[in-house]
Structure formats: structure tokens, C-alpha cells
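Quick look at input-v8.json (JSON, C-alpha atoms):
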```json
[["chain", "number", "residue", "atom", "x", "y", "z"],
["M", 1, "MET", "CA", 176.95, 290.34, 19.19],
["M", 2, "LYS", "CA", 173.85, 288.30, 18.57],
["M", 3, "SER", "CA", 170.34, 289.36, 19.51],
["M", 4, "ALA", "CA", 168.50, 288.19, 22.62],
["M", 5, "LYS", "CA", 166.25, 285.98, 20.49],
["M", 6, "THR", "CA", 169.18, 284.28, 18.77],
["M", 7, "THR", "CA", 171.09, 283.92, 22.04],
["M", 8, "ARG", "CA", 168.17, 282.14, 23.68],
["M", 9, "ARG", "CA", 167.77, 279.83, 20.68],
["M", 10, "ILE", "CA", 171.46, 278.96, 20.85],
["M", 11, "ILE", "CA", 171.26, 278.17, 24.56],
["M", 12, "GLU", "CA", 168.18, 276.01, 24.00],
["M", 13, "THR", "CA", 169.93, 274.16, 21.18],
["M", 14, "LEU", "CA", 172.98, 273.54, 23.38],
["M", 15, "ALA", "CA", 170.63, 272.27, 26.09],
["M", 16, "GLU", "CA", 169.31, 269.72, 23.62],
["M", 17, "GLN", "CA", 172.85, 268.61, 22.81],
["M", 18, "HIS", "CA", 173.72, 268.40, 26.51],
["M", 19, "PRO", "CA", 170.53, 267.16, 28.21],
["M", 20, "ASN", "CA", 170.34, 267.25, 32.00],
["M", 21, "ALA", "CA", 173.23, 269.72, 32.13],
["M", 22, "ASP", "CA", 174.09, 270.48, 35.74],
["M", 23, "THR", "CA", 177.09, 271.11, 37.93],
["M", 24, "GLU", "CA", 179.28, 268.02, 38.10],
["M", 25, "LEU", "CA", 180.18, 268.68, 41.72],
["M", 26, "HIS", "CA", 178.55, 266.30, 44.20],
["M", 27, "TYR", "CA", 176.67, 267.90, 47.09],
["M", 28, "ARG", "CA", 173.65, 267.46, 49.35],
["M", 29, "SER", "CA", 173.28, 270.99, 50.70],
["M", 30, "ALA", "CA", 174.17, 274.59, 49.93],
["M", 31, "PHE", "CA", 177.01, 274.34, 52.45],
["M", 32, "GLU", "CA", 178.50, 271.29, 50.74],
["M", 33, "LEU", "CA", 178.26, 272.93, 47.33],
["M", 34, "LEU", "CA", 179.93, 276.07, 48.68],
["M", 35, "VAL", "CA", 182.81, 274.02, 50.06],
["M", 36, "ALA", "CA", 183.11, 271.97, 46.86],
["M", 37, "THR", "CA", 183.09, 275.04, 44.64],
["M", 38, "ILE", "CA", 185.83, 276.72, 46.67],
["M", 39, "LEU", "CA", 187.88, 273.53, 46.38],
["M", 40, "SER", "CA", 187.31, 273.37, 42.61],
["M", 41, "ALA", "CA", 189.38, 276.50, 41.94],
["M", 42, "GLN", "CA", 192.44, 275.47, 39.90],
["M", 43, "SER", "CA", 191.30, 271.85, 40.19],
["M", 44, "THR", "CA", 188.80, 269.56, 38.50],
["M", 45, "ASP", "CA", 185.32, 268.59, 39.59],
["M", 46, "ALA", "CA", 186.33, 264.94, 39.40],
["M", 47, "ARG", "CA", 189.22, 265.49, 41.80],
["M", 48, "VAL", "CA", 187.03, 267.46, 44.20],
["M", 49, "ASN", "CA", 184.40, 264.71, 44.15],
["M", 50, "ILE", "CA", 187.05, 262.24, 45.29],
["M", 51, "VAL", "CA", 188.00, 264.43, 48.25],
["M", 52, "THR", "CA", 184.64, 265.66, 49.51],
["M", 53, "PRO", "CA", 182.92, 262.46, 50.78],
["M", 54, "ALA", "CA", 185.41, 262.02, 53.62],
["M", 55, "LEU", "CA", 185.59, 265.78, 54.13],
["M", 56, "PHE", "CA", 181.82, 266.15, 54.49],
["M", 57, "LYS", "CA", 181.66, 263.16, 56.83],
["M", 58, "ARG", "CA", 184.15, 264.84, 59.14],
["M", 59, "TYR", "CA", 182.76, 268.37, 58.69],
["M", 60, "PRO", "CA", 179.03, 268.02, 57.89],
["M", 61, "ASP", "CA", 178.18, 271.66, 58.48],
["M", 62, "ALA", "CA", 179.61, 275.12, 59.02],
["M", 63, "ARG", "CA", 179.80, 274.72, 62.79],
["M", 64, "ALA", "CA", 181.97, 271.63, 62.49],
["M", 65, "LEU", "CA", 184.25, 273.16, 59.87],
["M", 66, "ALA", "CA", 184.58, 276.39, 61.86],
["M", 67, "LYS", "CA", 186.30, 274.40, 64.63],
["M", 68, "ALA", "CA", 188.86, 272.84, 62.26],
["M", 69, "THR", "CA", 192.51, 273.84, 62.23],
["M", 70, "SER", "CA", 194.64, 274.27, 59.14],
["M", 71, "SER", "CA", 196.88, 271.42, 60.24],
["M", 72, "GLU", "CA", 193.83, 269.12, 60.32],
["M", 73, "LEU", "CA", 192.24, 270.35, 57.10],
["M", 74, "GLU", "CA", 195.21, 270.77, 54.77],
["M", 75, "PRO", "CA", 196.09, 267.05, 54.41],
["M", 76, "GLN", "CA", 192.48, 266.26, 53.51],
["M", 77, "ILE", "CA", 192.37, 268.74, 50.61],
["M", 78, "LEU", "CA", 195.99, 268.47, 49.53],
["M", 79, "SER", "CA", 195.24, 266.89, 46.14],
["M", 80, "THR", "CA", 192.97, 269.77, 45.04],
["M", 81, "GLY", "CA", 195.94, 272.14, 44.88],
["M", 82, "PHE", "CA", 196.58, 275.46, 46.65],
["M", 83, "PHE", "CA", 195.58, 273.62, 49.80],
["M", 84, "ARG", "CA", 196.97, 276.19, 52.24],
["M", 85, "GLN", "CA", 194.98, 279.07, 50.73],
["M", 86, "LYS", "CA", 191.88, 276.91, 50.40],
["M", 87, "SER", "CA", 192.16, 275.67, 53.98],
["M", 88, "LYS", "CA", 192.35, 279.24, 55.26],
["M", 89, "ALA", "CA", 189.41, 280.28, 53.08],
["M", 90, "LEU", "CA", 187.24, 277.31, 54.09],
["M", 91, "ILE", "CA", 187.78, 277.77, 57.82],
["M", 92, "GLY", "CA", 187.26, 281.53, 57.57],
["M", 93, "MET", "CA", 184.13, 281.03, 55.49],
["M", 94, "ALA", "CA", 182.68, 278.58, 58.02],
["M", 95, "GLN", "CA", 183.50, 280.81, 60.96],
["M", 96, "GLN", "CA", 181.83, 283.78, 59.29],
["M", 97, "LEU", "CA", 178.74, 281.71, 58.44],
["M", 98, "VAL", "CA", 178.44, 280.75, 62.11],
["M", 99, "ALA", "CA", 179.12, 284.25, 63.44],
["M", 100, "GLU", "CA", 176.94, 286.19, 61.01],
["M", 101, "HIS", "CA", 174.38, 283.79, 59.50],
["M", 102, "GLY", "CA", 173.65, 281.19, 62.14],
["M", 103, "GLY", "CA", 175.68, 278.62, 60.21],
["M", 104, "GLU", "CA", 173.43, 278.87, 57.15],
["M", 105, "VAL", "CA", 174.49, 279.84, 53.62],
["M", 106, "PRO", "CA", 172.78, 283.14, 52.73],
["M", 107, "ALA", "CA", 170.81, 283.30, 49.49],
["M", 108, "ASP", "CA", 172.24, 286.69, 48.60],
["M", 109, "MET", "CA", 175.06, 287.62, 46.22],
["M", 110, "ASP", "CA", 176.44, 290.49, 48.32],
["M", 111, "LEU", "CA", 176.48, 288.44, 51.52],
["M", 112, "LEU", "CA", 178.03, 285.44, 49.80],
["M", 113, "THR", "CA", 180.84, 287.42, 48.20],
["M", 114, "LYS", "CA", 181.77, 288.84, 51.60],
["M", 115, "LEU", "CA", 182.71, 285.33, 52.73],
["M", 116, "PRO", "CA", 186.40, 284.34, 52.52],
["M", 117, "GLY", "CA", 187.22, 282.52, 49.27],
["M", 118, "VAL", "CA", 183.91, 283.37, 47.61],
["M", 119, "GLY", "CA", 183.84, 285.39, 44.38],
["M", 120, "ARG", "CA", 180.96, 286.02, 41.98],
["M", 121, "LYS", "CA", 181.44, 282.77, 40.11],
["M", 122, "THR", "CA", 181.33, 280.66, 43.28],
["M", 123, "ALA", "CA", 178.36, 282.64, 44.60],
["M", 124, "ASN", "CA", 176.47, 282.17, 41.34],
["M", 125, "VAL", "CA", 177.10, 278.42, 41.39],
["M", 126, "VAL", "CA", 175.66, 278.11, 44.90],
["M", 127, "LEU", "CA", 172.76, 280.49, 44.27],
["M", 128, "GLY", "CA", 171.69, 278.86, 41.03],
["M", 129, "HIS", "CA", 172.15, 275.22, 41.94],
["M", 130, "ALA", "CA", 171.46, 274.97, 45.66],
["M", 131, "LEU", "CA", 169.40, 278.00, 46.67],
["M", 132, "GLY", "CA", 166.99, 278.53, 43.78],
["M", 133, "VAL", "CA", 168.23, 282.05, 43.04],
["M", 134, "PRO", "CA", 168.99, 282.80, 39.36],
["M", 135, "GLY", "CA", 172.73, 283.01, 38.75],
["M", 136, "LEU", "CA", 175.00, 282.70, 35.73],
["M", 137, "PRO", "CA", 178.50, 281.55, 36.70],
["M", 138, "VAL", "CA", 181.13, 282.54, 34.14],
["M", 139, "ASP", "CA", 184.26, 280.40, 34.04],
["M", 140, "ARG", "CA", 186.90, 279.90, 31.35],
["M", 141, "HIS", "CA", 184.59, 277.60, 29.39],
["M", 142, "VAL", "CA", 181.74, 280.11, 29.31],
["M", 143, "LEU", "CA", 184.17, 282.85, 28.27],
["M", 144, "ARG", "CA", 185.54, 280.75, 25.42],
["M", 145, "VAL", "CA", 182.19, 279.42, 24.17],
["M", 146, "SER", "CA", 180.27, 282.69, 24.39],
["M", 147, "ASN", "CA", 183.02, 284.66, 22.66],
["M", 148, "ARG", "CA", 183.45, 282.14, 19.88],
["M", 149, "ILE", "CA", 179.74, 281.86, 19.17],
["M", 150, "GLY", "CA", 179.25, 285.60, 19.42],
["M", 151, "ILE", "CA", 176.64, 285.79, 22.18],
["M", 152, "ALA", "CA", 179.04, 287.77, 24.39],
["M", 153, "GLU", "CA", 182.27, 289.65, 23.93],
["M", 154, "GLY", "CA", 185.25, 290.23, 26.21],
["M", 155, "ASP", "CA", 187.55, 288.59, 28.74],
["M", 156, "ASP", "CA", 186.00, 290.12, 31.87],
["M", 157, "PRO", "CA", 183.76, 287.48, 33.52],
["M", 158, "VAL", "CA", 181.56, 290.13, 35.15],
["M", 159, "LYS", "CA", 180.93, 291.92, 31.85],
["M", 160, "VAL", "CA", 180.23, 288.66, 30.03],
["M", 161, "GLU", "CA", 177.82, 287.68, 32.82],
["M", 162, "GLU", "CA", 176.04, 291.02, 32.41],
["M", 163, "GLN", "CA", 175.81, 290.63, 28.63],
["M", 164, "LEU", "CA", 174.36, 287.12, 28.85],
["M", 165, "CYS", "CA", 171.94, 287.93, 31.67],
["M", 166, "ALA", "CA", 170.65, 290.94, 29.73],
["M", 167, "LYS", "CA", 169.70, 288.68, 26.80],
["M", 168, "LEU", "CA", 168.24, 285.73, 28.68],
["M", 169, "PRO", "CA", 165.28, 285.28, 31.04],
["M", 170, "LYS", "CA", 166.30, 284.72, 34.65],
["M", 171, "GLU", "CA", 164.85, 281.23, 34.74],
["M", 172, "ILE", "CA", 167.49, 279.93, 32.32],
["M", 173, "TRP", "CA", 170.54, 281.82, 33.58],
["M", 174, "THR", "CA", 171.93, 278.79, 35.43],
["M", 175, "LEU", "CA", 171.12, 276.49, 32.53],
["M", 176, "ALA", "CA", 172.92, 278.86, 30.15],
["M", 177, "SER", "CA", 176.06, 278.53, 32.23],
["M", 178, "ASP", "CA", 175.77, 274.76, 32.64],
["M", 179, "VAL", "CA", 175.34, 274.02, 28.94],
["M", 180, "GLN", "CA", 178.21, 276.29, 27.93],
["M", 181, "ILE", "CA", 180.51, 274.72, 30.52],
["M", 182, "LEU", "CA", 179.71, 271.21, 29.26],
["M", 183, "HIS", "CA", 180.00, 272.36, 25.64],
["M", 184, "GLY", "CA", 183.39, 273.88, 26.43],
["M", 185, "ARG", "CA", 184.59, 270.69, 28.09],
["M", 186, "ARG", "CA", 183.29, 268.27, 25.48],
["M", 187, "ILE", "CA", 183.06, 270.07, 22.14],
["M", 188, "CYS", "CA", 184.25, 273.69, 22.10],
["M", 189, "LYS", "CA", 187.65, 272.88, 23.55],
["M", 190, "PRO", "CA", 190.70, 275.10, 23.01],
["M", 191, "LYS", "CA", 190.99, 273.13, 19.75],
["M", 192, "PRO", "CA", 187.29, 272.85, 18.93],
["M", 193, "LEU", "CA", 185.44, 269.82, 17.55],
["M", 194, "CYS", "CA", 183.28, 271.91, 15.23],
["M", 195, "ASP", "CA", 181.93, 268.91, 13.34],
["M", 196, "GLN", "CA", 180.21, 267.79, 16.57],
["M", 197, "CYS", "CA", 178.73, 271.18, 17.43],
["M", 198, "SER", "CA", 174.96, 271.68, 17.28],
["M", 199, "VAL", "CA", 175.24, 275.47, 16.89],
["M", 200, "SER", "CA", 177.98, 275.76, 14.27],
["M", 201, "ASP", "CA", 175.54, 277.44, 11.86],
["M", 202, "ASP", "CA", 175.18, 280.26, 14.39],
["M", 203, "CYS", "CA", 178.78, 280.33, 15.54],
["M", 204, "ASP", "CA", 180.85, 283.35, 14.47],
["M", 205, "TYR", "CA", 184.13, 281.49, 14.88],
["M", 206, "PHE", "CA", 182.98, 278.59, 12.72],
["M", 207, "GLN", "CA", 181.34, 280.71, 10.03],
["M", 208, "LEU", "CA", 183.99, 283.43, 9.79],
["M", 209, "VAL", "CA", 187.16, 281.45, 10.48],
["M", 210, "VAL", "CA", 186.88, 277.65, 10.32],
["M", 211, "SER", "CA", 184.55, 277.39, 7.31],
["M", 212, "ARG", "CA", 186.85, 279.72, 5.39],
["M", 213, "GLY", "CA", 189.85, 277.52, 6.03],
["M", 214, "GLY", "CA", 191.14, 279.57, 8.92],
["M", 215, "PRO", "CA", 193.95, 278.39, 11.18],
["M", 216, "ASP", "CA", 192.36, 276.04, 13.71],
["M", 217, "LYS", "CA", 194.99, 273.29, 13.73],
["M", 218, "ALA", "CA", 196.93, 274.86, 16.57],
["M", 219, "ARG", "CA", 195.39, 275.12, 20.01],
["M", 220, "PRO", "CA", 194.01, 278.65, 19.67],
["M", 221, "THR", "CA", 193.53, 280.88, 22.67],
["M", 222, "ARG", "CA", 190.31, 282.72, 23.31],
["M", 223, "LYS", "CA", 191.98, 286.05, 22.45],
["M", 224, "ASN", "CA", 193.21, 284.66, 19.14],
["M", 225, "ASP", "CA", 189.71, 283.40, 18.38],
["M", 226, "ALA", "CA", 188.21, 286.84, 18.92],
["M", 227, "ARG", "CA", 190.93, 288.51, 16.86],
["M", 228, "ARG", "CA", 190.36, 286.13, 13.94],
["M", 229, "VAL", "CA", 186.61, 286.72, 14.04],
["M", 230, "ARG", "CA", 187.04, 290.50, 14.09],
["M", 231, "LYS", "CA", 189.46, 290.31, 11.19],
["M", 232, "ALA", "CA", 187.09, 288.10, 9.18],
["M", 233, "ARG", "CA", 184.21, 290.52, 9.72],
["M", 234, "ARG", "CA", 186.08, 293.37, 7.98]]
```
Encoded form using C-alpha cells:
Amino acid sequence: MKSAKTTRRIIETLAEQHPNADTELHYRSAFELLVATILSAQSTDARVNIVTPALFKRYPDARALAKATSSELEPQILSTGFFRQKSKALIGMAQQLVAEHGGEVPADMDLLTKLPGVGRKTANVVLGHALGVPGLPVDRHVLRVSNRIGIAEGDDPVKVEEQLCAKLPKEIWTLASDVQILHGRRICKPKPLCDQCSVSDDCDYFQLVVSRGGPDKARPTRKNDARRVRKARR
């Protein structure tokens, strides 16, 4: 893997390519971002942003959502997918916020991940974007981009988060996630647009596979990418 110095330079270069990188979920409070992030699982930010204005109008805070019933909530979030599980998680999350945190979203990873429907990725999104606490959410885009470039290695989001955080100063952890997510959506797709990438000179996948005429015509998976890079290094 690349050094801390190179990793930071890569993140800063990606930030220049994707200025003003931020979460694409719409929110006005930590509570709204928490709800939106839970809804975004197995959905798209664009779809969630269509659903949440009416949802937040009806349930503006944890106390209001805690009083909702699944039969009321499910039709409102139907289009985000897995609506039954999400409805249960949202109501349980709101009830726990009211019972244990006075209805406020705690600025603490351990407390957040004890809430129904909240894993490390969701907690990091809320911490980094709404609560001012450094966090580096790792989703499928971050996994793909970081593995291809060579600034992290592995399929375990927690381990990749640890690798990236160890190389970067806390103040740019959230930015590092945001720019990789946007890069993964726009450029470093499953079939990458390497000619539009600002860090191709530093990218292991480009240098060791694509530039050598490697097989990138198919839609490669992240595991195939890593295997090709390892093979090319030998």
C-alpha cells in the first residue's frame, strides 16, 4: 500500500477534481441526516431526497417519529426499498433517542451504533457531516476506489477505514470519504473511466493493469481488480 504522504496527496488531488465534495443527502439537522442515511441503505441518495421532505414535515424530530406506527411509516418510505425493516429501525431508533438521549443524536460512535439500524458507516456519516466529529464512512465506492488506487487493501469496511484513518489527519477523514464516493460514482465506476481520472499516475490498477493492456472491457469486480494488481506486481 501507499505511504501516508502519498495517500494524503491523492486525497487532495481527488478533492481538486471533485470540489465541494459532500454528502448528497439533504438534511437540516443530525436527526434528519440519521434518518436519511438509514433510508439510503440499498437505495440511492436521489431517491431518499425525494422521500424525505414530506417525511421530515410529518416527523420533524425524534419525539414525533417515536410515536409513529409501522402502518403509518411504511407507505411513506416504500420507494426506498426494504421498507418494513427500515420502518422498524427508524421507529426503534427514535424511541431509543427519546428514552436514552433526550431526543438528541449523540456525538459518539459507540452510542450511535447501539441505535437500531445504525452501523459504523451510518454513524460516521452523521458524525462527520452533522456533528463535527471526524469520521470516515466506507461504502462500496470507497472500497473500490481505495483498493484500485492502492491506498487501502481488503474487502472489510472496518479494516479499510482503519487503514485510511491511520494515514490521514483527522481533519480530512470525512473529506477523504466524500471525494472517494464521488470519484467512485462519476469516474472510478465498476468499468472505470481512467482517461478522466486525476490520480491515474498514482493508481495501481491503472499503472499495473490498464496501461499494460489489461482486461478492463468487462465490468470488473473489486476482487478481480485486486487480483489483477497482485498478479501484475509479481
Can you tell me which residues surround stretch 17-31 of chain M at a distance of at most 7 Å, considering only C-alpha atoms, apart from same-chain residues fewer than 5 positions away, and format the answer as a ChimeraX atom specification? /M:36,45,49,61,105,126,130-131,178-179,198
Write out as a ChimeraX atom specification which residues come within 10 Å of stretch 115-124 of chain M when counting only C-alpha atoms, dropping same-chain ones fewer than 2 positions away. /M:33-41,85-97,105-113,126-131,133-139,157-158,161,173-174,177
Please dump the current selection as an mmCIF file, keeping the file's coordinate frame; keep C-alpha atoms.
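selection-v6.cif was written with the following content:
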```cif
data_model
loop_
_atom_site.group_PDB
_atom_site.id
_atom_site.type_symbol
_atom_site.label_atom_id
_atom_site.label_comp_id
_atom_site.auth_asym_id
_atom_site.auth_seq_id
_atom_site.Cartn_x
_atom_site.Cartn_y
_atom_site.Cartn_z
ATOM 1 C CA LEU M 33 178.260 272.930 47.330
ATOM 2 C CA LEU M 34 179.930 276.070 48.680
ATOM 3 C CA VAL M 35 182.810 274.020 50.060
ATOM 4 C CA ALA M 36 183.110 271.970 46.860
ATOM 5 C CA THR M 37 183.090 275.040 44.640
ATOM 6 C CA ILE M 38 185.830 276.720 46.670
ATOM 7 C CA LEU M 39 187.880 273.530 46.380
ATOM 8 C CA SER M 40 187.310 273.370 42.610
ATOM 9 C CA ALA M 41 189.380 276.500 41.940
ATOM 10 C CA GLN M 85 194.980 279.070 50.730
ATOM 11 C CA LYS M 86 191.880 276.910 50.400
ATOM 12 C CA SER M 87 192.160 275.670 53.980
ATOM 13 C CA LYS M 88 192.350 279.240 55.260
ATOM 14 C CA ALA M 89 189.410 280.280 53.080
ATOM 15 C CA LEU M 90 187.240 277.310 54.090
ATOM 16 C CA ILE M 91 187.780 277.770 57.820
ATOM 17 C CA GLY M 92 187.260 281.530 57.570
ATOM 18 C CA MET M 93 184.130 281.030 55.490
ATOM 19 C CA ALA M 94 182.680 278.580 58.020
ATOM 20 C CA GLN M 95 183.500 280.810 60.960
ATOM 21 C CA GLN M 96 181.830 283.780 59.290
ATOM 22 C CA LEU M 97 178.740 281.710 58.440
ATOM 23 C CA VAL M 105 174.490 279.840 53.620
ATOM 24 C CA PRO M 106 172.780 283.140 52.730
ATOM 25 C CA ALA M 107 170.810 283.300 49.490
ATOM 26 C CA ASP M 108 172.240 286.690 48.600
ATOM 27 C CA MET M 109 175.060 287.620 46.220
ATOM 28 C CA ASP M 110 176.440 290.490 48.320
ATOM 29 C CA LEU M 111 176.480 288.440 51.520
ATOM 30 C CA LEU M 112 178.030 285.440 49.800
ATOM 31 C CA THR M 113 180.840 287.420 48.200
ATOM 32 C CA VAL M 126 175.660 278.110 44.900
ATOM 33 C CA LEU M 127 172.760 280.490 44.270
ATOM 34 C CA GLY M 128 171.690 278.860 41.030
ATOM 35 C CA HIS M 129 172.150 275.220 41.940
ATOM 36 C CA ALA M 130 171.460 274.970 45.660
ATOM 37 C CA LEU M 131 169.400 278.000 46.670
ATOM 38 C CA VAL M 133 168.230 282.050 43.040
ATOM 39 C CA PRO M 134 168.990 282.800 39.360
ATOM 40 C CA GLY M 135 172.730 283.010 38.750
ATOM 41 C CA LEU M 136 175.000 282.700 35.730
ATOM 42 C CA PRO M 137 178.500 281.550 36.700
ATOM 43 C CA VAL M 138 181.130 282.540 34.140
ATOM 44 C CA ASP M 139 184.260 280.400 34.040
ATOM 45 C CA PRO M 157 183.760 287.480 33.520
ATOM 46 C CA VAL M 158 181.560 290.130 35.150
ATOM 47 C CA GLU M 161 177.820 287.680 32.820
ATOM 48 C CA TRP M 173 170.540 281.820 33.580
ATOM 49 C CA THR M 174 171.930 278.790 35.430
ATOM 50 C CA SER M 177 176.060 278.530 32.230
#
```
What lies within 12 Å of stretch 181-197 of chain M using only C-alpha atoms, ignoring chain neighbours under 4 positions off, as number ranges by chain? M: 10-11, 13-24, 44-45, 125, 136-149, 174-177, 201-207, 209-211, 215-225
Å distance separating atom CA of M:Gly150 from atom CA of M:Ser3, one decimal place: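 Between these atoms lies a distance of 9.7 Å.
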Coordinates-based distance that separates atom CA of M:Pro169 from atom CA of M:Ala4 (Å, one decimal):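 One can read the atom CA of M:Ala4 to atom CA of M:Pro169 distance as 9.5 Å.
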